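Colleague: Structure file structure-v8.csv, CSV, C-alpha atoms, is pasted below:
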```csv
chain,number,residue,atom,x,y,z
A,1,MET,CA,41.5,-12.9,-17.7
A,2,PRO,CA,42.1,-13.0,-13.9
A,3,ASP,CA,41.6,-16.4,-12.2
A,4,GLY,CA,38.8,-15.1,-10.1
A,5,GLU,CA,36.6,-14.4,-13.0
A,6,LEU,CA,36.5,-18.1,-13.9
A,7,LEU,CA,35.2,-19.4,-10.6
A,8,GLY,CA,32.4,-17.4,-8.8
A,9,VAL,CA,33.0,-19.4,-5.7
A,10,LEU,CA,36.4,-17.7,-5.3
A,11,ALA,CA,34.8,-14.3,-5.2
A,12,LEU,CA,32.0,-15.4,-2.8
A,13,THR,CA,31.9,-13.2,0.3
A,14,TRP,CA,30.0,-14.1,3.5
A,15,GLN,CA,27.7,-11.1,2.8
A,16,ALA,CA,26.8,-12.5,-0.6
A,17,ALA,CA,26.3,-16.0,0.9
A,18,VAL,CA,23.9,-14.4,3.5
A,19,MET,CA,21.9,-12.8,0.6
A,20,LEU,CA,21.8,-16.1,-1.3
A,21,GLY,CA,20.4,-17.7,1.9
A,22,LEU,CA,17.8,-14.8,2.2
A,23,GLY,CA,16.7,-15.3,-1.4
A,24,GLY,CA,16.3,-19.0,-0.7
A,25,LEU,CA,14.3,-18.2,2.4
A,26,LEU,CA,11.9,-16.0,0.5
A,27,ILE,CA,11.4,-18.7,-2.1
A,28,TYR,CA,10.8,-21.2,0.7
A,29,LEU,CA,8.3,-19.0,2.4
A,30,GLY,CA,6.5,-18.4,-0.9
A,31,ILE,CA,6.3,-22.0,-2.1
A,32,ALA,CA,6.2,-24.1,1.1
A,33,LYS,CA,4.3,-21.6,3.4
A,34,GLU,CA,2.3,-19.9,0.6
A,35,VAL,CA,3.2,-16.4,2.0
A,36,GLU,CA,2.6,-14.0,-0.9
A,37,PRO,CA,4.2,-16.5,-3.4
A,38,VAL,CA,3.4,-14.2,-6.4
A,39,LEU,CA,5.8,-11.7,-5.0
A,40,LEU,CA,8.2,-13.5,-2.7
A,41,VAL,CA,9.3,-16.1,-5.3
A,42,PRO,CA,10.3,-13.6,-8.0
A,43,ILE,CA,11.9,-11.4,-5.4
A,44,GLY,CA,13.8,-14.3,-3.9
A,45,MET,CA,15.0,-15.4,-7.3
A,46,GLY,CA,16.0,-11.8,-8.1
A,47,ILE,CA,18.1,-11.7,-4.9
A,48,ILE,CA,19.9,-15.0,-5.8
A,49,LEU,CA,20.6,-13.8,-9.4
A,50,ALA,CA,21.9,-10.5,-8.2
A,51,ASN,CA,24.2,-11.9,-5.6
A,52,ILE,CA,26.0,-14.7,-7.5
A,53,PRO,CA,29.5,-13.3,-7.7
A,54,LEU,CA,30.6,-12.3,-11.2
A,55,GLY,CA,27.2,-13.1,-12.6
A,56,GLY,CA,27.0,-9.7,-14.0
A,57,LEU,CA,23.2,-9.3,-13.9
A,58,THR,CA,23.3,-6.1,-12.0
A,59,GLU,CA,26.2,-4.6,-13.9
A,60,ALA,CA,25.5,-2.2,-16.8
A,61,GLY,CA,23.8,-4.0,-19.6
A,62,GLY,CA,22.9,-7.0,-17.3
A,63,LEU,CA,19.3,-8.2,-17.2
A,64,LEU,CA,18.5,-6.9,-13.8
A,65,ALA,CA,20.2,-3.6,-14.4
A,66,VAL,CA,18.2,-3.1,-17.6
A,67,LEU,CA,14.9,-4.0,-15.9
A,68,ARG,CA,15.7,-1.5,-13.0
A,69,LYS,CA,16.5,1.3,-15.5
A,70,ALA,CA,13.4,0.6,-17.6
A,71,GLY,CA,10.9,-0.2,-14.9
A,72,ILE,CA,11.9,1.2,-11.6
A,73,ASP,CA,14.0,4.3,-12.3
A,74,THR,CA,11.2,5.5,-14.7
A,75,GLU,CA,8.5,4.5,-12.2
A,76,LEU,CA,6.9,2.5,-15.0
A,77,PHE,CA,6.3,-0.9,-13.3
A,78,PRO,CA,4.4,0.4,-10.2
A,79,LEU,CA,2.2,2.5,-12.5
A,80,LEU,CA,1.4,-0.5,-14.8
A,81,ILE,CA,0.7,-2.6,-11.7
A,82,PHE,CA,-1.8,0.1,-10.6
A,83,ILE,CA,-3.8,-0.2,-13.8
A,84,GLY,CA,-4.2,-3.9,-12.9
A,85,VAL,CA,-5.0,-3.2,-9.3
A,86,GLY,CA,-7.7,-0.6,-10.4
A,87,ALA,CA,-9.3,-3.1,-12.7
A,88,MET,CA,-9.5,-5.6,-9.8
A,89,ILE,CA,-11.1,-3.3,-7.2
A,90,ASP,CA,-14.8,-2.9,-6.8
A,91,PHE,CA,-15.5,0.5,-5.3
A,92,GLY,CA,-19.2,-0.3,-4.9
A,93,SER,CA,-18.9,-0.8,-1.1
A,94,LEU,CA,-17.2,2.6,-0.8
A,95,LEU,CA,-19.8,4.3,-2.9
A,96,GLN,CA,-22.6,2.8,-0.8
A,97,ARG,CA,-20.9,4.0,2.4
A,98,PRO,CA,-19.0,7.2,1.6
A,99,TYR,CA,-18.3,7.9,5.3
A,100,THR,CA,-15.9,5.0,5.3
A,101,VAL,CA,-13.5,7.3,3.3
A,102,PHE,CA,-12.5,9.0,6.6
A,103,LEU,CA,-11.4,5.6,8.1
A,104,GLY,CA,-9.0,5.3,5.1
A,105,ALA,CA,-7.8,8.8,5.7
A,106,ALA,CA,-7.2,8.2,9.4
A,107,ALA,CA,-5.2,5.0,8.8
A,108,GLN,CA,-2.6,7.1,6.8
A,109,PHE,CA,-1.3,8.3,10.1
A,110,GLY,CA,0.7,5.1,9.9
A,111,ILE,CA,2.8,6.8,7.2
A,112,PHE,CA,3.3,10.1,8.8
A,113,GLY,CA,3.7,8.8,12.4
A,114,THR,CA,6.4,6.3,11.2
A,115,PHE,CA,8.1,9.1,9.2
A,116,PHE,CA,8.3,11.1,12.4
A,117,LEU,CA,9.8,8.3,14.4
A,118,ALA,CA,12.3,7.3,11.6
A,119,TYR,CA,13.4,11.0,11.3
A,120,PHE,CA,13.8,11.3,15.1
A,121,LEU,CA,16.0,8.2,15.1
A,122,GLY,CA,17.9,9.5,12.2
A,123,ASP,CA,19.1,12.9,11.1
A,124,GLY,CA,16.3,14.8,12.8
A,125,GLY,CA,17.2,13.8,16.4
A,126,LEU,CA,19.2,11.0,17.8
A,127,ARG,CA,21.3,10.2,14.7
A,128,LEU,CA,21.4,6.5,15.6
A,129,PHE,CA,20.7,5.6,12.0
A,130,ASP,CA,21.6,7.1,8.6
A,131,PHE,CA,18.0,8.2,7.9
A,132,SER,CA,17.7,11.5,6.0
A,133,PHE,CA,14.4,13.4,5.8
A,134,LYS,CA,13.7,11.8,2.4
A,135,ASP,CA,14.7,8.3,3.7
A,136,ALA,CA,12.3,8.8,6.6
A,137,VAL,CA,9.5,9.7,4.3
A,138,SER,CA,10.2,6.7,2.2
A,139,ILE,CA,10.2,4.4,5.3
A,140,GLY,CA,7.0,5.9,6.4
A,141,ILE,CA,5.4,5.1,3.1
A,142,ILE,CA,5.6,1.4,4.2
A,143,GLY,CA,2.5,2.4,6.2
A,144,SER,CA,0.6,2.8,3.0
A,145,ALA,CA,0.5,-1.0,2.9
A,146,ASP,CA,0.7,-0.5,-0.8
A,147,GLY,CA,3.6,-1.9,-2.7
A,148,PRO,CA,3.4,0.2,-5.9
A,149,THR,CA,3.0,3.4,-3.9
A,150,SER,CA,6.0,2.5,-1.8
A,151,ILE,CA,8.2,1.8,-4.8
A,152,TYR,CA,7.0,5.0,-6.5
A,153,VAL,CA,7.6,7.4,-3.6
A,154,ALA,CA,10.9,5.8,-2.5
A,155,THR,CA,12.2,5.9,-6.1
A,156,ILE,CA,11.2,9.5,-6.8
A,157,LEU,CA,12.7,10.6,-3.5
A,158,GLY,CA,15.9,8.7,-4.4
A,159,SER,CA,16.1,6.8,-1.1
A,160,LYS,CA,19.1,4.6,-0.8
A,161,TYR,CA,16.9,2.1,1.1
A,162,ALA,CA,14.3,1.7,-1.7
A,163,ALA,CA,14.8,-2.0,-2.1
A,164,SER,CA,14.5,-2.8,1.7
A,165,ILE,CA,11.5,-0.5,1.9
A,166,VAL,CA,9.7,-2.3,-0.9
A,167,VAL,CA,10.5,-5.8,0.4
A,168,ALA,CA,9.3,-4.7,3.9
A,169,ALA,CA,6.1,-3.3,2.4
A,170,TYR,CA,5.3,-6.5,0.6
A,171,SER,CA,6.3,-8.7,3.5
A,172,TYR,CA,4.1,-7.0,6.0
A,173,MET,CA,1.1,-7.1,3.7
A,174,ALA,CA,1.3,-10.9,4.0
A,175,LEU,CA,1.5,-10.5,7.8
A,176,VAL,CA,-1.6,-8.3,8.2
A,177,PRO,CA,-3.6,-11.3,9.7
A,178,ILE,CA,-0.9,-11.6,12.4
A,179,ILE,CA,-0.2,-7.9,13.1
A,180,GLN,CA,-3.8,-6.5,13.2
A,181,PRO,CA,-5.9,-8.7,15.4
A,182,PRO,CA,-4.1,-8.1,18.7
A,183,ILE,CA,-4.3,-4.4,18.1
A,184,MET,CA,-8.0,-4.6,17.2
A,185,ARG,CA,-8.7,-6.5,20.4
A,186,ALA,CA,-6.6,-4.2,22.6
A,187,LEU,CA,-8.3,-1.0,21.3
A,188,THR,CA,-11.9,-2.2,21.3
A,189,THR,CA,-14.3,-3.6,23.9
A,190,ARG,CA,-16.1,-6.8,23.4
A,191,ALA,CA,-19.4,-4.9,23.3
A,192,GLU,CA,-18.0,-2.7,20.4
A,193,ARG,CA,-16.8,-5.7,18.5
A,194,ARG,CA,-20.1,-7.5,18.8
A,195,LEU,CA,-22.1,-4.6,17.2
A,196,VAL,CA,-24.0,-5.8,14.2
A,197,MET,CA,-24.2,-3.4,11.2
A,198,PRO,CA,-27.0,-3.6,8.7
A,199,ALA,CA,-26.1,-5.7,5.7
A,200,ARG,CA,-28.3,-3.8,3.3
A,201,ALA,CA,-27.0,-0.6,1.7
A,202,PRO,CA,-28.3,1.9,-0.9
A,203,ARG,CA,-27.9,0.7,-4.5
A,204,VAL,CA,-25.3,2.4,-6.7
A,205,SER,CA,-26.1,3.1,-10.3
A,206,ARG,CA,-23.8,2.0,-13.1
A,207,ARG,CA,-23.5,5.6,-14.2
A,208,THR,CA,-22.1,6.5,-10.7
A,209,ARG,CA,-19.6,3.6,-11.0
A,210,VAL,CA,-18.4,4.9,-14.4
A,211,VAL,CA,-18.2,8.6,-13.4
A,212,PHE,CA,-16.5,7.9,-10.1
A,213,PRO,CA,-13.0,7.0,-11.4
A,214,ILE,CA,-12.9,10.1,-13.6
A,215,VAL,CA,-14.1,12.4,-10.9
A,216,THR,CA,-11.6,10.9,-8.4
A,217,ILE,CA,-8.7,11.6,-10.8
A,218,LEU,CA,-9.9,15.2,-11.1
A,219,VAL,CA,-10.4,15.7,-7.3
A,220,VAL,CA,-7.1,14.1,-6.3
A,221,GLY,CA,-5.1,15.4,-9.2
A,222,LEU,CA,-6.2,19.0,-8.6
A,223,ILE,CA,-5.5,18.9,-4.9
A,224,ALA,CA,-2.4,16.7,-4.8
A,225,PRO,CA,-1.0,16.8,-8.3
A,226,LYS,CA,2.0,14.7,-7.5
A,227,ALA,CA,-0.5,11.8,-6.9
A,228,THR,CA,-1.8,12.1,-10.4
A,229,PRO,CA,0.3,9.3,-12.0
A,230,LEU,CA,-0.8,6.9,-9.2
A,231,ILE,CA,-4.4,7.8,-8.9
A,232,GLY,CA,-4.6,8.2,-12.7
A,233,THR,CA,-3.5,4.7,-13.5
A,234,LEU,CA,-5.5,3.2,-10.6
A,235,MET,CA,-8.7,4.9,-11.7
A,236,PHE,CA,-8.0,4.2,-15.4
A,237,GLY,CA,-7.9,0.5,-14.5
A,238,ASN,CA,-11.1,0.9,-12.6
A,239,LEU,CA,-12.8,2.7,-15.5
A,240,LEU,CA,-11.8,-0.3,-17.7
A,241,ARG,CA,-13.6,-2.5,-15.2
A,242,GLU,CA,-16.8,-0.4,-14.8
A,243,ALA,CA,-17.2,0.8,-18.4
A,244,GLY,CA,-19.1,-2.4,-19.3
A,245,VAL,CA,-17.9,-2.3,-22.9
A,246,LEU,CA,-14.1,-3.0,-22.2
A,247,GLU,CA,-14.2,-6.5,-20.8
A,248,ARG,CA,-11.3,-7.6,-22.8
A,249,LEU,CA,-9.1,-4.8,-21.7
A,250,SER,CA,-10.2,-5.1,-18.1
A,251,GLN,CA,-9.3,-8.8,-18.1
A,252,ALA,CA,-6.0,-8.1,-19.8
A,253,ALA,CA,-5.2,-5.5,-17.2
A,254,GLN,CA,-6.2,-7.8,-14.3
A,255,ASN,CA,-4.5,-10.8,-15.6
A,256,GLU,CA,-1.9,-10.7,-18.4
A,257,MET,CA,-0.5,-7.2,-17.7
A,258,ALA,CA,-0.6,-7.5,-13.9
A,259,ASN,CA,1.0,-10.9,-14.0
A,260,ILE,CA,3.8,-10.0,-16.5
A,261,VAL,CA,4.7,-6.8,-14.6
A,262,THR,CA,4.6,-8.6,-11.3
A,263,ILE,CA,7.2,-11.1,-12.6
A,264,LEU,CA,9.4,-8.3,-13.9
A,265,LEU,CA,8.9,-6.1,-10.8
A,266,GLY,CA,9.6,-8.9,-8.4
A,267,LEU,CA,12.8,-9.9,-10.1
A,268,THR,CA,13.9,-6.3,-10.3
A,269,VAL,CA,13.2,-5.5,-6.7
A,270,GLY,CA,15.1,-8.7,-5.7
A,271,GLY,CA,17.9,-7.6,-8.0
A,272,MET,CA,18.2,-4.4,-6.1
A,273,MET,CA,19.0,-6.3,-2.9
A,274,VAL,CA,22.8,-6.7,-3.3
A,275,ALA,CA,24.8,-7.5,-0.2
A,276,ASP,CA,26.7,-4.2,0.1
A,277,ASP,CA,23.6,-2.2,0.2
A,278,PHE,CA,21.3,-4.5,2.1
A,279,LEU,CA,23.3,-5.8,5.1
A,280,ARG,CA,23.3,-2.7,7.3
A,281,PRO,CA,21.8,-1.9,10.7
A,282,GLU,CA,19.4,0.5,8.9
A,283,THR,CA,17.8,-2.4,7.0
A,284,ILE,CA,16.9,-4.1,10.3
A,285,MET,CA,15.5,-0.9,11.6
A,286,ILE,CA,13.4,-0.4,8.4
A,287,TYR,CA,11.8,-3.8,9.1
A,288,VAL,CA,11.0,-2.7,12.7
A,289,MET,CA,9.6,0.5,11.3
A,290,GLY,CA,7.4,-1.5,9.0
A,291,VAL,CA,5.6,-3.1,12.0
A,292,VAL,CA,5.3,0.3,13.6
A,293,ALA,CA,3.8,1.7,10.4
A,294,PHE,CA,1.2,-1.0,10.1
A,295,ALA,CA,0.3,-0.9,13.8
A,296,ALA,CA,0.0,2.9,13.9
A,297,GLY,CA,-2.2,2.9,10.8
A,298,THR,CA,-4.4,0.2,12.2
A,299,ALA,CA,-4.6,2.0,15.6
A,300,ALA,CA,-5.5,5.3,14.0
A,301,GLY,CA,-8.3,3.7,11.9
A,302,LEU,CA,-9.7,2.0,15.0
A,303,ILE,CA,-9.6,5.2,17.1
A,304,LEU,CA,-11.6,7.1,14.4
A,305,GLY,CA,-13.8,4.1,14.2
A,306,LYS,CA,-14.5,4.4,18.0
A,307,VAL,CA,-15.2,8.1,17.5
A,308,MET,CA,-17.7,7.2,14.8
A,309,TYR,CA,-19.2,4.5,17.1
A,310,VAL,CA,-20.0,7.1,19.7
A,311,ALA,CA,-21.0,9.9,17.2
A,312,SER,CA,-23.4,7.5,15.3
A,313,GLY,CA,-25.2,6.4,18.5
A,314,LYS,CA,-23.5,3.0,18.5
A,315,ARG,CA,-24.4,2.1,14.9
A,316,ILE,CA,-20.9,1.8,13.5
A,317,ASN,CA,-18.7,-1.0,14.6
A,318,PRO,CA,-15.2,0.5,15.3
A,319,LEU,CA,-13.5,-2.7,14.0
A,320,ILE,CA,-14.0,-1.5,10.4
A,321,GLY,CA,-11.6,1.3,11.0
A,322,ALA,CA,-8.8,-1.3,11.0
A,323,ALA,CA,-9.5,-1.9,7.3
A,324,GLY,CA,-8.5,1.7,6.5
A,325,ILE,CA,-4.9,0.6,5.7
A,326,SER,CA,-4.9,-0.3,2.0
A,327,ALA,CA,-3.7,-3.9,2.1
A,328,PHE,CA,-6.6,-5.1,-0.1
A,329,PRO,CA,-8.5,-7.3,0.6
A,330,MET,CA,-6.7,-8.8,3.5
A,331,CYS,CA,-7.6,-6.1,6.0
A,332,ALA,CA,-11.3,-6.4,5.2
A,333,ARG,CA,-11.1,-10.2,5.7
A,334,VAL,CA,-9.3,-9.8,9.0
A,335,VAL,CA,-12.1,-7.4,10.2
A,336,GLN,CA,-14.7,-9.9,9.2
A,337,LYS,CA,-12.9,-12.7,11.1
A,338,VAL,CA,-12.4,-10.7,14.3
A,339,GLY,CA,-16.0,-9.5,14.1
A,340,LEU,CA,-17.3,-13.1,13.8
A,341,GLU,CA,-15.2,-14.2,16.8
A,342,ALA,CA,-17.0,-11.7,18.9
A,343,ASN,CA,-20.4,-12.4,17.4
A,344,PRO,CA,-21.2,-15.3,15.0
A,345,HIS,CA,-23.9,-13.2,13.4
A,346,ASN,CA,-21.7,-10.2,12.7
A,347,HIS,CA,-20.8,-9.9,9.1
A,348,LEU,CA,-18.7,-6.8,8.6
A,349,LEU,CA,-17.0,-7.7,5.3
A,350,MET,CA,-18.8,-5.2,3.0
A,351,HIS,CA,-18.5,-2.4,5.5
A,352,ALA,CA,-14.8,-3.1,5.9
A,353,ALA,CA,-14.4,-3.4,2.2
A,354,GLY,CA,-15.6,0.2,1.9
A,355,ALA,CA,-12.9,1.4,4.4
A,356,ASN,CA,-10.3,-0.9,2.7
A,357,THR,CA,-10.9,0.6,-0.8
A,358,ALA,CA,-10.9,4.0,0.7
A,359,GLY,CA,-7.5,3.2,2.2
A,360,GLN,CA,-6.3,2.4,-1.3
A,361,ILE,CA,-7.3,5.9,-2.5
A,362,ALA,CA,-6.1,7.5,0.7
A,363,SER,CA,-2.6,5.8,0.5
A,364,VAL,CA,-2.2,7.2,-3.0
A,365,VAL,CA,-3.2,10.7,-1.8
A,366,ALA,CA,-0.8,10.4,1.2
A,367,GLY,CA,2.0,9.4,-1.2
A,368,GLY,CA,1.3,12.3,-3.4
A,369,ALA,CA,1.0,14.7,-0.4
A,370,ALA,CA,4.4,13.5,0.8
A,371,LEU,CA,6.0,14.2,-2.6
A,372,VAL,CA,4.4,17.6,-2.7
A,373,LEU,CA,5.5,18.5,0.8
A,374,VAL,CA,9.1,17.1,0.8
A,375,PRO,CA,10.6,20.1,-1.1
A,376,PHE,CA,9.1,22.5,1.5
A,377,PHE,CA,10.2,20.7,4.6
A,378,ALA,CA,13.3,18.6,3.8
B,1,MET,CA,12.0,18.2,14.4
B,2,LEU,CA,9.7,21.2,14.1
B,3,ASN,CA,9.8,20.9,10.3
B,4,ALA,CA,8.9,17.2,10.7
B,5,THR,CA,5.9,18.1,12.9
B,6,TRP,CA,4.6,20.5,10.3
B,7,PHE,CA,5.2,17.9,7.6
B,8,VAL,CA,3.0,15.4,9.5
B,9,LEU,CA,0.3,18.0,10.1
B,10,ALA,CA,0.3,19.2,6.5
B,11,GLY,CA,0.4,15.7,5.1
B,12,MET,CA,-2.6,14.5,7.2
B,13,GLY,CA,-4.3,17.8,6.3
B,14,ILE,CA,-4.0,17.2,2.6
B,15,VAL,CA,-5.2,13.6,3.0
B,16,PHE,CA,-8.3,14.6,5.0
B,17,THR,CA,-9.1,17.6,2.8
B,18,THR,CA,-8.8,15.6,-0.4
B,19,LEU,CA,-10.9,12.8,0.9
B,20,SER,CA,-13.5,15.2,2.4
B,21,VAL,CA,-14.0,16.6,-1.1
B,22,LEU,CA,-14.3,13.0,-2.4
B,23,VAL,CA,-17.1,12.3,0.2
B,24,LEU,CA,-19.0,15.3,-1.1
B,25,VAL,CA,-18.5,14.1,-4.7
B,26,MET,CA,-19.6,10.6,-3.9
B,27,THR,CA,-22.7,11.9,-2.0
B,28,ALA,CA,-23.5,14.1,-5.0
B,29,LEU,CA,-23.0,11.3,-7.5
B,30,ASN,CA,-25.3,9.0,-5.5
B,31,ARG,CA,-27.9,11.7,-5.4
B,32,TRP,CA,-27.8,12.9,-9.0
B,33,LEU,CA,-27.1,9.5,-10.6
B,34,ARG,CA,-29.3,7.3,-8.4
B,35,PRO,CA,-30.5,4.1,-9.9
B,36,THR,CA,-33.7,4.4,-12.0
B,37,PRO,CA,-36.4,2.3,-10.3
B,38,GLY,CA,-36.7,-1.0,-12.2
B,39,ALA,CA,-33.6,-0.4,-14.3
B,40,LYS,CA,-30.9,-3.0,-14.4
B,41,ASP,CA,-28.1,-0.5,-13.9
B,42,ALA,CA,-27.7,-0.9,-10.1
```
Will you turn the file into structure tokens for me?
Modeller:
Amino acid sequence: MPDGELLGVLALTWQAAVMLGLGGLLIYLGIAKEVEPVLLVPIGMGIILANIPLGGLTEAGGLLAVLRKAGIDTELFPLLIFIGVGAMIDFGSLLQRPYTVFLGAAAQFGIFGTFFLAYFLGDGGLRLFDFSFKDAVSIGIIGSADGPTSIYVATILGSKYAASIVVAAYSYMALVPIIQPPIMRALTTRAERRLVMPARAPRVSRRTRVVFPIVTILVVGLIAPKATPLIGTLMFGNLLREAGVLERLSQAAQNEMANIVTILLGLTVGGMMVADDFLRPETIMIYVMGVVAFAAGTAAGLILGKVMYVASGKRINPLIGAAGISAFPMCARVVQKVGLEANPHNHLLMHAAGANTAGQIASVVAGGAALVLVPFFA
Amino acid sequence: MLNATWFVLAGMGIVFTTLSVLVLVMTALNRWLRPTPGAKDA
């Protein structure tokens, strides 16, 4: 046996040391600063485990390699997570205010606008970065503000930046309260932000809540079939929640299953971040693109919100458009907070929750649309 | 970049088309399956 295989420290490169430091930083942020600890701690630990020289966890047969093959390459983990997410989401606010769906749709411009910019900086124009068409689409999907969709699309498209994209997507979800408010204030007037919307909304029957997930699978699946795995698992989870007779399964999906898969997914994503693949200029640009994606999605939602404000005769507060990106429920809470700053009697939470849950569906549709369209345009 | 432009337009088109149909479906569900007055299913 060569000497180097006895002592990992002899094989430690500066790149691996940087990655070990990055893993430590994510664990610190998760535990000490409570920034998305559920995700950042497993991801941070995955990075450390993957980058210990000669540890063998990412080699064939190693734990992280097995998890990647079983859960990421097969797209299993993100889909299982979506069952849990569906079981956690209450679509009642959306069903009470169907028009908020359009705010979720508009916010998906964050995906396509960022794709355009990434492709322009890469193979499509300036060639400053090694971004192919498929890489650019995968980077744009960060704008879905939806971790499972980001993993799913980036994996299916075979992007070499999948790990960076997933980490960027999850990191920026934690930064929504920092990224969104300045954009919200810049694009709306104080008078618009002060607008009070009525708290009362039409009641929604239990039958509607039960039928909604099934019909949504049919509508989305028949128009954008590539989105069927994502929308199917999301809405299956929601059916467990709304059926009223599956409480045990609903709780299992929300808790046990979501927690177990989150641990495995976090470790695996962290394990994909090995020094050779991660320490590149493209990775830094992907993080810049992540901010662009969230900002563009927020701005697009706000602009449609302003259109609705005018079209409705000043009855819709444009701030709720910012909740169209699907980081749930952070965006809705941010809208509530910014609304309250402008007017202490302005409670926009339920309206924003409608746009926010619409964003969840819209991001899945956008991911499916991207997968359908890539073969035609790439 | 022309193909990228068409990709963006087609993508946003699919998103808005799908969600427009969903709005119609939700409106129809709310109309056809509205809560029965006095029932506990709301």
Colleague: Quick check, in Å to one decimal: how far apart do CA of Gly232 in chain A and CA of Phe7 in chain B lie?
Modeller: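 That distance, rounded to one decimal, is 24.5 Å.
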Colleague: Would you please work out which residue, of A:Val176, A:Ile139, A:Leu265, A:Ile260, is nearest to Ser159 in chain A when using only C-alpha atoms?
Modeller: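 Nearest to Ser159 in chain A: A:Ile139.
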Colleague: With a cut-off of 6 Å, could you pull out the residues of chain A touching chain B and give me the nearest pair of atoms for each, distance in Å to one decimal, using all atoms listed in the file, ordered by chain and ascending number, as JSON lines?
Modeller:
```
{"residue": "A:Pro98", "atom": "CA", "partner": "B:Val23", "partner_atom": "CA", "distance": 5.6}
{"residue": "A:Ala105", "atom": "CA", "partner": "B:Phe16", "partner_atom": "CA", "distance": 5.9}
{"residue": "A:Phe112", "atom": "CA", "partner": "B:Val8", "partner_atom": "CA", "distance": 5.4}
{"residue": "A:Gly124", "atom": "CA", "partner": "B:Met1", "partner_atom": "CA", "distance": 5.7}
{"residue": "A:Arg203", "atom": "CA", "partner": "B:Ala42", "partner_atom": "CA", "distance": 5.8}
{"residue": "A:Val204", "atom": "CA", "partner": "B:Ala42", "partner_atom": "CA", "distance": 5.3}
{"residue": "A:Ser205", "atom": "CA", "partner": "B:Ala42", "partner_atom": "CA", "distance": 4.3}
{"residue": "A:Arg206", "atom": "CA", "partner": "B:Asp41", "partner_atom": "CA", "distance": 5.0}
{"residue": "A:Thr208", "atom": "CA", "partner": "B:Leu33", "partner_atom": "CA", "distance": 5.8}
{"residue": "A:Val365", "atom": "CA", "partner": "B:Val15", "partner_atom": "CA", "distance": 6.0}
{"residue": "A:Ala366", "atom": "CA", "partner": "B:Val15", "partner_atom": "CA", "distance": 5.7}
{"residue": "A:Ala369", "atom": "CA", "partner": "B:Gly11", "partner_atom": "CA", "distance": 5.6}
{"residue": "A:Phe377", "atom": "CA", "partner": "B:Asn3", "partner_atom": "CA", "distance": 5.7}
```
Colleague: What gap, in Å, lies between CA of Gly140 in chain A and CA of Ala295 in chain A?
Modeller: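 About the pair CA of Gly140 in chain A and CA of Ala295 in chain A: they are 12.1 Å apart.
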Colleague: Do you know which residues are at most 7 Å from Thr233 in chain A counting only C-alpha atoms, after dropping those on the same chain fewer than 5 positions away, and could you put them as a PDB file with C-alpha atoms, in the frame of the given file?
Modeller:
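The resulting file, result-v6.pdb, is shown below:
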```pdb
ATOM      1  CA  LEU A  79       2.200   2.500 -12.500  1.00  0.00           C
ATOM      2  CA  PHE A  82      -1.800   0.100 -10.600  1.00  0.00           C
ATOM      3  CA  ILE A  83      -3.800  -0.200 -13.800  1.00  0.00           C
TER       4      ILE A  83
END
```
Colleague: Between A:Asn317, A:Gln360, A:Thr58, A:Asn51, single out the one closest to Arg190 in chain A, counting all atoms listed in the file.
Modeller: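 Nearest candidate to Arg190 in chain A out of A:Asn317, A:Gln360, A:Thr58, A:Asn51: A:Asn317.
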Colleague: Report the distance between CA of Ala227 in chain A and CA of Ala370 in chain A in Å, rounded to one decimal place.
Modeller: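 Pair CA of Ala227 in chain A / CA of Ala370 in chain A returns 9.3 Å.
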Colleague: Skipping near chain neighbours, those fewer than 6 positions away, what residues fall within 12 Å of range 59-66 of chain A using all atoms listed in the file, listed as a VMD selection string?
Modeller: chain A and resid 43 45 to 53 72 to 74 264 to 274
Colleague: Looking at A:Gly237, A:Ser326, A:Gly359, A:Gln15, which one is nearest to Asn255 in chain A, with distances taken over all atoms listed in the file?
Modeller: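 Smallest separation from Asn255 in chain A among the options: A:Gly237.
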Colleague: Write out as JSON, numbers by chain the residues lying within 12 Å of His347 in chain A, counting all atoms listed in the file and excluding same-chain residues fewer than 3 positions away.
Modeller: {"A": [193, 194, 195, 196, 197, 198, 199, 200, 317, 319, 320, 332, 333, 334, 335, 336, 337, 338, 339, 340, 341, 342, 343, 344, 350, 351, 352, 353]}
Colleague: Of the residues A:Met235, A:Leu371, A:Leu67, A:Ile27, which is the one nearest to Arg209 in chain A, using only C-alpha atoms?
Modeller: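 Among the listed residues, A:Met235 lies closest to Arg209 in chain A.
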Colleague: Ranking A:Tyr309, A:Arg315, A:Val291, A:Val9 by minimum distance to Leu175 in chain A and counting all atoms listed in the file, which one comes first?
Modeller: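 Nearest to Leu175 in chain A: A:Val291.
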Colleague: Counting all atoms listed in the file, figure out which residue out of A:Ala163, A:Leu39, A:Leu94, A:Val153 gets nearest to Pro229 in chain A.
Modeller: A:Val153
